[in-house]
Structure formats: structure tokens, C-alpha cells
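Participant: Coordinates in coords09.csv, CSV, C-alpha atoms, are listed below.
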```csv
chain,number,residue,atom,x,y,z
S,315,MET,CA,8.6,9.1,-18.4
S,316,ASN,CA,7.7,11.3,-15.4
S,317,ALA,CA,5.6,10.0,-12.6
S,318,LEU,CA,4.6,11.3,-9.2
S,319,GLY,CA,5.5,8.1,-7.4
S,320,ARG,CA,7.2,4.8,-7.5
S,321,HIS,CA,5.4,1.8,-6.0
S,322,VAL,CA,7.3,-1.4,-5.4
S,323,LEU,CA,5.4,-4.5,-4.6
S,324,ALA,CA,7.5,-7.3,-3.1
S,325,GLU,CA,6.7,-10.9,-2.3
S,326,MET,CA,9.0,-12.1,0.4
S,327,TYR,CA,9.0,-15.9,0.7
S,328,ARG,CA,10.9,-18.2,3.0
S,329,CYS,CA,11.2,-15.6,5.8
S,330,ASP,CA,11.9,-16.2,9.4
S,331,PRO,CA,8.5,-17.1,10.8
S,332,LYS,CA,9.4,-15.8,14.3
S,333,ALA,CA,10.2,-12.3,12.9
S,334,LEU,CA,7.0,-12.3,10.9
S,335,ASP,CA,4.8,-12.9,14.0
S,336,ASN,CA,6.4,-10.4,16.4
S,337,VAL,CA,4.6,-7.1,16.0
S,338,GLU,CA,7.2,-5.0,17.7
S,339,ARG,CA,10.0,-6.5,15.6
S,340,VAL,CA,8.0,-6.1,12.4
S,341,ARG,CA,7.3,-2.5,13.3
S,342,ASP,CA,11.0,-1.8,14.1
S,343,ILE,CA,12.0,-3.5,10.8
S,344,MET,CA,9.6,-1.3,8.8
S,345,VAL,CA,10.5,1.9,10.5
S,346,ASP,CA,14.2,1.1,10.3
S,347,ALA,CA,13.9,0.4,6.5
S,348,ALA,CA,12.2,3.8,6.1
S,349,VAL,CA,14.9,5.6,8.0
S,350,LYS,CA,17.7,3.7,6.2
S,351,ALA,CA,16.1,4.8,2.9
S,352,GLY,CA,16.2,8.4,3.9
S,353,ALA,CA,12.5,8.8,4.5
S,354,GLU,CA,10.8,11.0,7.1
S,355,VAL,CA,8.5,8.9,9.3
S,356,ARG,CA,5.1,10.6,10.0
S,357,GLU,CA,2.7,8.0,11.3
S,358,VAL,CA,3.0,4.3,12.3
S,359,ALA,CA,0.1,1.9,12.7
S,360,PHE,CA,0.6,-1.8,13.3
S,361,HIS,CA,-1.7,-4.6,14.3
S,362,LYS,CA,-1.1,-8.2,15.6
S,363,PHE,CA,-3.6,-10.8,14.6
S,364,SER,CA,-4.7,-13.9,16.5
S,365,PRO,CA,-3.5,-16.6,16.2
S,366,GLN,CA,-0.8,-15.2,14.0
S,367,GLY,CA,0.2,-12.5,11.5
S,368,VAL,CA,1.0,-8.8,11.6
S,369,SER,CA,-0.2,-6.0,9.4
S,370,GLY,CA,1.2,-2.5,9.5
S,371,VAL,CA,2.0,0.7,7.7
S,372,VAL,CA,4.5,3.4,8.1
S,373,VAL,CA,3.3,6.7,6.6
S,374,ILE,CA,6.3,8.8,5.5
S,375,SER,CA,6.6,12.2,4.0
S,376,GLU,CA,7.4,10.5,0.8
S,377,SER,CA,4.3,8.2,0.9
S,378,HIS,CA,4.2,4.8,2.7
S,379,LEU,CA,5.6,1.4,3.5
S,380,ALA,CA,3.1,-1.5,4.2
S,381,VAL,CA,3.5,-5.1,5.3
S,382,HIS,CA,1.3,-8.1,5.9
S,383,THR,CA,2.8,-11.3,7.2
S,384,TRP,CA,1.7,-14.9,7.1
S,385,PRO,CA,4.1,-16.6,9.6
S,386,GLU,CA,2.5,-20.0,8.8
S,387,PHE,CA,3.7,-19.6,5.2
S,388,GLY,CA,6.9,-17.8,6.0
S,389,TYR,CA,5.6,-15.1,3.7
S,390,ALA,CA,5.4,-11.3,3.8
S,391,ALA,CA,3.6,-9.0,1.3
S,392,VAL,CA,5.5,-5.7,1.3
S,393,ASP,CA,4.8,-2.6,-0.7
S,394,VAL,CA,6.8,0.6,-0.6
S,395,PHE,CA,5.5,3.8,-2.3
S,396,THR,CA,7.7,6.8,-2.6
S,397,CYS,CA,7.3,10.2,-4.3
S,398,GLY,CA,10.1,12.5,-5.2
S,399,SER,CA,13.7,11.6,-6.0
S,400,ALA,CA,15.3,11.7,-2.5
S,401,VAL,CA,14.1,8.2,-1.4
S,402,ASN,CA,14.7,5.0,-3.4
S,403,PRO,CA,11.9,2.5,-2.6
S,404,TRP,CA,14.3,-0.4,-3.4
S,405,ASP,CA,16.6,0.6,-0.5
S,406,ALA,CA,13.7,0.0,1.9
S,407,VAL,CA,12.6,-3.2,0.2
S,408,ASN,CA,16.2,-4.6,0.4
S,409,SER,CA,16.4,-3.7,4.0
S,410,ILE,CA,13.1,-5.4,4.9
S,411,ALA,CA,14.0,-8.6,3.0
S,412,GLU,CA,17.3,-8.8,4.8
S,413,SER,CA,15.6,-8.2,8.2
S,414,PHE,CA,13.0,-10.9,7.5
S,415,SER,CA,15.8,-13.3,6.4
S,416,SER,CA,13.8,-13.9,3.2
S,417,LYS,CA,15.4,-16.5,1.0
S,418,GLN,CA,13.2,-15.8,-2.0
S,419,VAL,CA,12.0,-12.4,-3.1
S,420,THR,CA,10.2,-11.3,-6.2
S,421,ALA,CA,9.3,-7.7,-6.7
S,422,SER,CA,8.0,-5.2,-9.3
S,423,GLU,CA,7.8,-1.5,-9.6
S,424,MET,CA,4.8,0.4,-10.7
S,425,ARG,CA,4.9,4.1,-11.7
S,426,ARG,CA,2.1,6.0,-10.1
S,427,GLY,CA,0.5,9.2,-11.2
S,428,VAL,CA,1.8,9.3,-14.7
S,429,PHE,CA,0.3,12.1,-16.7
S,430,PHE,CA,3.3,13.5,-18.5
S,431,ASP,CA,4.2,13.1,-22.1
S,432,ALA,CA,7.6,11.8,-23.3
S,433,ASN,CA,9.1,15.3,-22.8
S,434,GLY,CA,7.9,15.5,-19.2
S,435,GLU,CA,5.2,18.0,-20.0
S,436,ARG,CA,1.9,17.8,-18.1
S,437,VAL,CA,-0.9,16.4,-20.2
S,438,ALA,CA,-4.6,16.9,-19.6
S,439,ALA,CA,-5.4,14.0,-17.3
S,440,GLY,CA,-4.2,15.8,-14.2
D,931,MET,CA,-4.8,-19.6,-9.4
D,932,ASN,CA,-4.9,-19.2,-5.6
D,933,ALA,CA,-3.4,-16.2,-3.9
D,934,LEU,CA,-3.3,-15.0,-0.3
D,935,GLY,CA,-4.3,-11.4,-1.3
D,936,ARG,CA,-5.7,-9.1,-4.0
D,937,HIS,CA,-4.0,-5.7,-4.4
D,938,VAL,CA,-5.8,-3.1,-6.5
D,939,LEU,CA,-3.7,0.0,-7.5
D,940,ALA,CA,-5.9,2.8,-8.7
D,941,GLU,CA,-5.0,6.1,-10.4
D,942,MET,CA,-7.8,8.6,-9.7
D,943,TYR,CA,-7.5,11.7,-11.9
D,944,ARG,CA,-9.7,14.8,-12.2
D,945,CYS,CA,-10.8,14.5,-8.6
D,946,ASP,CA,-12.3,17.3,-6.5
D,947,PRO,CA,-9.2,19.2,-5.2
D,948,LYS,CA,-11.0,20.4,-2.1
D,949,ALA,CA,-11.8,16.8,-1.1
D,950,LEU,CA,-8.2,15.7,-1.7
D,951,ASP,CA,-6.8,18.4,0.6
D,952,ASN,CA,-9.1,17.9,3.6
D,953,VAL,CA,-7.5,15.3,5.9
D,954,GLU,CA,-10.6,14.7,7.9
D,955,ARG,CA,-12.7,14.2,4.7
D,956,VAL,CA,-10.1,11.9,3.1
D,957,ARG,CA,-9.9,9.9,6.3
D,958,ASP,CA,-13.7,9.6,6.5
D,959,ILE,CA,-13.9,8.6,2.8
D,960,MET,CA,-11.3,5.9,3.2
D,961,VAL,CA,-12.8,4.5,6.4
D,962,ASP,CA,-16.3,4.6,4.9
D,963,ALA,CA,-15.0,2.7,1.8
D,964,ALA,CA,-13.5,0.0,4.1
D,965,VAL,CA,-16.8,-0.3,6.0
D,966,LYS,CA,-18.9,-0.3,2.8
D,967,ALA,CA,-16.7,-3.1,1.4
D,968,GLY,CA,-17.4,-5.2,4.6
D,969,ALA,CA,-13.9,-4.8,6.0
D,970,GLU,CA,-13.1,-4.6,9.8
D,971,VAL,CA,-11.1,-1.4,10.6
D,972,ARG,CA,-8.2,-2.0,13.0
D,973,GLU,CA,-6.0,1.1,12.7
D,974,VAL,CA,-6.2,4.5,11.0
D,975,ALA,CA,-3.2,6.8,10.3
D,976,PHE,CA,-3.5,10.0,8.2
D,977,HIS,CA,-1.3,13.0,7.7
D,978,LYS,CA,-1.9,16.4,6.2
D,979,PHE,CA,1.1,17.9,4.3
D,980,SER,CA,1.9,21.6,3.9
D,981,PRO,CA,1.1,23.4,1.7
D,982,GLN,CA,-1.2,20.7,0.4
D,983,GLY,CA,-1.8,16.9,0.1
D,984,VAL,CA,-2.9,14.1,2.4
D,985,SER,CA,-1.4,10.7,3.0
D,986,GLY,CA,-3.1,8.0,5.0
D,987,VAL,CA,-3.8,4.4,5.6
D,988,VAL,CA,-6.6,2.3,7.0
D,989,VAL,CA,-5.3,-1.0,8.4
D,990,ILE,CA,-8.1,-3.6,8.2
D,991,SER,CA,-8.4,-7.2,9.4
D,992,GLU,CA,-8.2,-8.1,5.7
D,993,SER,CA,-5.1,-6.0,5.0
D,994,HIS,CA,-5.1,-2.2,4.1
D,995,LEU,CA,-6.4,0.8,2.1
D,996,ALA,CA,-3.9,3.6,1.4
D,997,VAL,CA,-4.2,7.0,-0.3
D,998,HIS,CA,-1.9,9.8,-1.3
D,999,THR,CA,-3.3,12.9,-2.8
D,1000,TRP,CA,-2.0,15.7,-5.0
D,1001,PRO,CA,-4.8,18.4,-4.9
D,1002,GLU,CA,-2.7,20.6,-7.2
D,1003,PHE,CA,-3.1,17.9,-9.9
D,1004,GLY,CA,-6.6,16.7,-8.9
D,1005,TYR,CA,-4.9,13.3,-8.5
D,1006,ALA,CA,-5.1,10.6,-5.8
D,1007,ALA,CA,-3.0,7.4,-5.8
D,1008,VAL,CA,-5.1,4.7,-4.1
D,1009,ASP,CA,-4.3,1.1,-3.3
D,1010,VAL,CA,-6.5,-1.5,-1.6
D,1011,PHE,CA,-5.1,-4.8,-0.4
D,1012,THR,CA,-7.5,-7.5,0.8
D,1013,CYS,CA,-7.0,-11.1,1.8
D,1014,GLY,CA,-9.7,-13.7,2.1
D,1015,SER,CA,-12.9,-13.9,0.1
D,1016,ALA,CA,-15.2,-11.8,2.3
D,1017,VAL,CA,-14.1,-8.4,1.0
D,1018,ASN,CA,-13.9,-7.3,-2.6
D,1019,PRO,CA,-11.2,-4.6,-3.0
D,1020,TRP,CA,-13.0,-3.2,-6.0
D,1021,ASP,CA,-16.0,-2.2,-3.8
D,1022,ALA,CA,-13.7,0.0,-1.8
D,1023,VAL,CA,-12.0,1.4,-4.9
D,1024,ASN,CA,-15.3,2.3,-6.5
D,1025,SER,CA,-16.5,4.0,-3.3
D,1026,ILE,CA,-13.4,6.1,-3.0
D,1027,ALA,CA,-13.5,7.2,-6.7
D,1028,GLU,CA,-17.1,8.2,-6.3
D,1029,SER,CA,-16.3,10.1,-3.0
D,1030,PHE,CA,-13.4,12.0,-4.7
D,1031,SER,CA,-15.7,12.8,-7.7
D,1032,SER,CA,-12.9,11.4,-9.9
D,1033,LYS,CA,-13.7,11.8,-13.6
D,1034,GLN,CA,-10.9,9.5,-14.8
D,1035,VAL,CA,-9.9,6.3,-13.1
D,1036,THR,CA,-7.4,3.6,-14.2
D,1037,ALA,CA,-6.8,0.6,-12.0
D,1038,SER,CA,-5.2,-2.8,-12.0
D,1039,GLU,CA,-5.3,-5.8,-9.7
D,1040,MET,CA,-2.2,-7.7,-8.6
D,1041,ARG,CA,-2.4,-11.1,-7.0
D,1042,ARG,CA,-0.2,-11.2,-3.9
D,1043,GLY,CA,1.2,-14.3,-2.2
D,1044,VAL,CA,0.9,-16.7,-5.0
D,1045,PHE,CA,2.5,-20.0,-4.2
D,1046,PHE,CA,-0.1,-22.5,-5.3
D,1047,ASP,CA,-0.1,-24.6,-8.4
D,1048,ALA,CA,-3.0,-24.8,-10.9
D,1049,ASN,CA,-4.8,-27.2,-8.6
D,1050,GLY,CA,-4.5,-24.9,-5.6
D,1051,GLU,CA,-1.9,-27.1,-4.0
D,1052,ARG,CA,0.9,-25.4,-2.0
D,1053,VAL,CA,4.2,-25.4,-3.7
D,1054,ALA,CA,7.6,-25.1,-2.1
D,1055,ALA,CA,8.0,-21.3,-2.1
D,1056,GLY,CA,6.0,-20.7,1.0
```
Could you rewrite the structure in this file as C-alpha cells?
Facilitator:
Amino acid sequence: MNALGRHVLAEMYRCDPKALDNVERVRDIMVDAAVKAGAEVREVAFHKFSPQGVSGVVVISESHLAVHTWPEFGYAAVDVFTCGSAVNPWDAVNSIAESFSSKQVTASEMRRGVFFDANGERVAAG
Amino acid sequence: MNALGRHVLAEMYRCDPKALDNVERVRDIMVDAAVKAGAEVREVAFHKFSPQGVSGVVVISESHLAVHTWPEFGYAAVDVFTCGSAVNPWDAVNSIAESFSSKQVTASEMRRGVFFDANGERVAAG
């Protein structure tokens, strides 16, 4: 089934709380994951919350990577959206989980922009 | 069931292609949706692609709003992630769909950061 994009939502539990609360480190981890996956980084926007937590997004030519961290729970909510076949979103997710030293990850992939039939032909929705 | 966040993924078909290809307009629509939903805007990052299409994200205190547009298909992939109870992600999704003049929307909500039992007590995962 054809789709315009692949969107992986990952729950990263039991992460290193120090990594999750360091905005520069989180930004570097997300950008590094994008580059490792073969994506082209276009825009980067990260924010450190008080007393703790980081939110940020990397806009790539192939869509985006986003992260929200709860250091107090050792938890990071990550999503990676890619379009095209050149970048595999799971490569980025795996890189991020490893960088956060997550000991428990669950993830699922959603297909985005599906309006093709079983033969890959455009249907009316688009 | 308690969760740290609510993540709505919306497929917006049959949108106004002109709106989808105007980066300033898409940015304004996304920021306006965040504000209308009662969110606090922290960072904004948008990018216009050649020959067409816009990608962008609004980082809010409550998490993020993201959009990727395919004007050639009249399609926008939108996701809105909110934490806390003050902001309802569906308010933002509805605002965006209306602003894009989408005539066909499908959407689903994922609960993010679930590591509470049925009584709302923390379990080990976090």
C-alpha cells in the first residue's frame, strides 16, 4: 500500500535522566539521528523547560523528528516522520533510543497520506 | 488510563492547494491554531520546499504542532501533541482543518507516555 509518509511514534522509557534534561545534548542527539538516517536537516527548534524537560523538533527535507522529555520519569516521547524511500525512520528512532540509553522502548509506525489503491493508483481522496 | 500526553494524527485531504503552498500562511494557520487551543508558543520553525510543499513545527509549552503539505495532492499531514489538561489537541486540529478548507479529514488520537495502572498509580516502566 502506497503512502506519502511513514510516521514512527516511540515511547522511550528508563532513559538516562541527565541526557533528557540537557537541551544541547538532546538537540545534538536528534540532529545526529537525522544525519545518521541520511536526512537533510533544514530547521532546528529546541526549548528547555523549568524546572526540567526538553521539547524540540528537527525539520528535515523528508519531514521531521520531534522529542519531548520527562527527566523525572526517565521518559522521552519521540516521533519521526519521513517521506520518500531514501530515509528509514527506524534508523533515527534506534539512534535516539541508544543515545538516551533507553532500557525500554515501544514503538509503532503509522502510514501517512494514504490515498492509493492496492495497485498503487491514486484514488479520489487526494 | 493516565498518560503524559495526547497525540492526534490528522490526514487532511481535499485542502486548498494555494494555502498549502504558502509558507507564511501555513505558519500563521499553525500558530493561530496553537493560540486558539490555549497553548503557549515557544518556538516556530517552517520551511518552504521547491517546487512546492511546506513543512513546519510549532513548539508549545504543552508539546508541539507539526504540518507537512503536498499542494499537488491537496493533502496535509498534521499532528498535534499536547501534555497536561489545559489544551485539547482536537481544538487545534479542527482549527487547522478549517483554515486549510479541508473537505475530508481522518484523524486518530494516541496516548503517549502511559505508565500508570488502572488506578492512575505509577508503574515500574517510568
Participant: Give me the residues of segment 323-387 of chain S that have any atom at most 6 Å from an atom of segment 409-427 of chain S; for each, the nearest atom pair and the distance in Å, rounded to one decimal. Use only C-alpha atoms, sort by chain and number, and format it as a Markdown table.
Facilitator:
```
| residue | atom | partner | partner_atom | distance |
| --- | --- | --- | --- | --- |
| S:Leu323 | CA | S:Ser422 | CA | 5.4 |
| S:Ala324 | CA | S:Ala421 | CA | 4.0 |
| S:Glu325 | CA | S:Thr420 | CA | 5.3 |
| S:Met326 | CA | S:Val419 | CA | 4.6 |
| S:Tyr327 | CA | S:Gln418 | CA | 5.0 |
| S:Arg328 | CA | S:Ser416 | CA | 5.2 |
| S:Cys329 | CA | S:Ser416 | CA | 4.1 |
| S:Asp330 | CA | S:Ser415 | CA | 5.7 |
| S:Ala347 | CA | S:Ser409 | CA | 5.4 |
```
Participant: One decimal, in Å: what's the spacing between atom CA of Pro331 of chain S and atom CA of Trp384 of chain S?
Facilitator: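 Between these atoms lies a distance of 8.0 Å.
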Participant: Pro365 of chain S: which residues within 12 Å, counting only C-alpha atoms, same-chain residues fewer than 4 positions away excluded, as a VMD selection string?
Facilitator: chain S and resid 335 to 336 384 to 386
Participant: Keeping only C-alpha atoms, write the selected residues as a JSON list (two decimals), in the frame of the given file.
Facilitator:
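Contents of result_37.json, freshly written:
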```
[["chain", "number", "residue", "atom", "x", "y", "z"],
["S", 335, "ASP", "CA", 4.80, -12.90, 14.00],
["S", 336, "ASN", "CA", 6.40, -10.40, 16.40],
["S", 384, "TRP", "CA", 1.70, -14.90, 7.10],
["S", 385, "PRO", "CA", 4.10, -16.60, 9.60],
["S", 386, "GLU", "CA", 2.50, -20.00, 8.80]]
```
Participant: Counting only C-alpha atoms, figure out which residue out of D:Thr1012, D:Val1017, D:Ala996, D:Ser985 gets nearest to Val961 of chain D.
Facilitator: D:Ala996
Participant: List as CSV every residue of chain D that is in contact with chain S, defined as an atom at most 8 Å from one of its atoms (using all atoms listed in the file), together with the nearest atom pair and the distance in Å rounded to one decimal, sorted by chain and then rising number.
Facilitator:
```
residue,atom,partner,partner_atom,distance
D:Glu941,CA,S:Gly427,CA,6.4
D:Tyr943,CA,S:Gly440,CA,5.7
D:Arg944,CA,S:Gly440,CA,5.9
D:Arg972,CA,S:His361,CA,7.1
D:Glu973,CA,S:Ala359,CA,6.2
D:Val974,CA,S:Ala359,CA,7.0
D:Ala975,CA,S:Glu357,CA,6.1
D:Phe976,CA,S:Glu357,CA,7.2
D:His977,CA,S:Arg356,CA,7.2
D:Phe979,CA,S:Ser375,CA,7.9
D:Ser985,CA,S:Ser377,CA,6.6
D:Gly986,CA,S:Val373,CA,6.7
D:Val987,CA,S:Val371,CA,7.2
D:Val989,CA,S:Gly370,CA,6.8
D:Ser991,CA,S:Phe363,CA,7.9
D:Ser993,CA,S:Ser369,CA,6.6
D:His998,CA,S:Ser377,CA,6.8
D:Phe1003,CA,S:Gly440,CA,4.9
D:Gly1004,CA,S:Gly440,CA,5.9
D:Tyr1005,CA,S:Gly440,CA,6.3
D:Ala1006,CA,S:Gly427,CA,7.9
D:Ala1007,CA,S:Gly427,CA,6.7
D:Gln1034,CA,S:Ala439,CA,7.5
D:Arg1042,CA,S:Ala391,CA,6.8
D:Gly1043,CA,S:Glu325,CA,6.5
D:Ala1055,CA,S:Tyr327,CA,6.2
D:Gly1056,CA,S:Phe387,CA,4.9
```
Participant: Any chance you could export the current selection's C-alpha atoms as a compact mmCIF listing (two decimals), keeping the file's coordinate frame?
Facilitator:
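Done, and the output landed in part_29.txt:
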```txt
# COMPACT_ATOMS: atom_id res chain seq x y z
CA GLU D 941 -5.00 6.10 -10.40
CA TYR D 943 -7.50 11.70 -11.90
CA ARG D 944 -9.70 14.80 -12.20
CA ARG D 972 -8.20 -2.00 13.00
CA GLU D 973 -6.00 1.10 12.70
CA VAL D 974 -6.20 4.50 11.00
CA ALA D 975 -3.20 6.80 10.30
CA PHE D 976 -3.50 10.00 8.20
CA HIS D 977 -1.30 13.00 7.70
CA PHE D 979 1.10 17.90 4.30
CA SER D 985 -1.40 10.70 3.00
CA GLY D 986 -3.10 8.00 5.00
CA VAL D 987 -3.80 4.40 5.60
CA VAL D 989 -5.30 -1.00 8.40
CA SER D 991 -8.40 -7.20 9.40
CA SER D 993 -5.10 -6.00 5.00
CA HIS D 998 -1.90 9.80 -1.30
CA PHE D 1003 -3.10 17.90 -9.90
CA GLY D 1004 -6.60 16.70 -8.90
CA TYR D 1005 -4.90 13.30 -8.50
CA ALA D 1006 -5.10 10.60 -5.80
CA ALA D 1007 -3.00 7.40 -5.80
CA GLN D 1034 -10.90 9.50 -14.80
CA ARG D 1042 -0.20 -11.20 -3.90
CA GLY D 1043 1.20 -14.30 -2.20
CA ALA D 1055 8.00 -21.30 -2.10
CA GLY D 1056 6.00 -20.70 1.00
```
Participant: Between atom CA of Ala348 of chain S and atom CA of Ala406 of chain S, measure the distance and give it in Å to one decimal.
Facilitator: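 The value is 5.9 Å.
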Participant: In Å to one decimal, how far is atom CA of Val956 of chain D from atom CA of Glu354 of chain S?
Facilitator: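 Going from atom CA of Glu354 of chain S over to atom CA of Val956 of chain D covers 21.3 Å.
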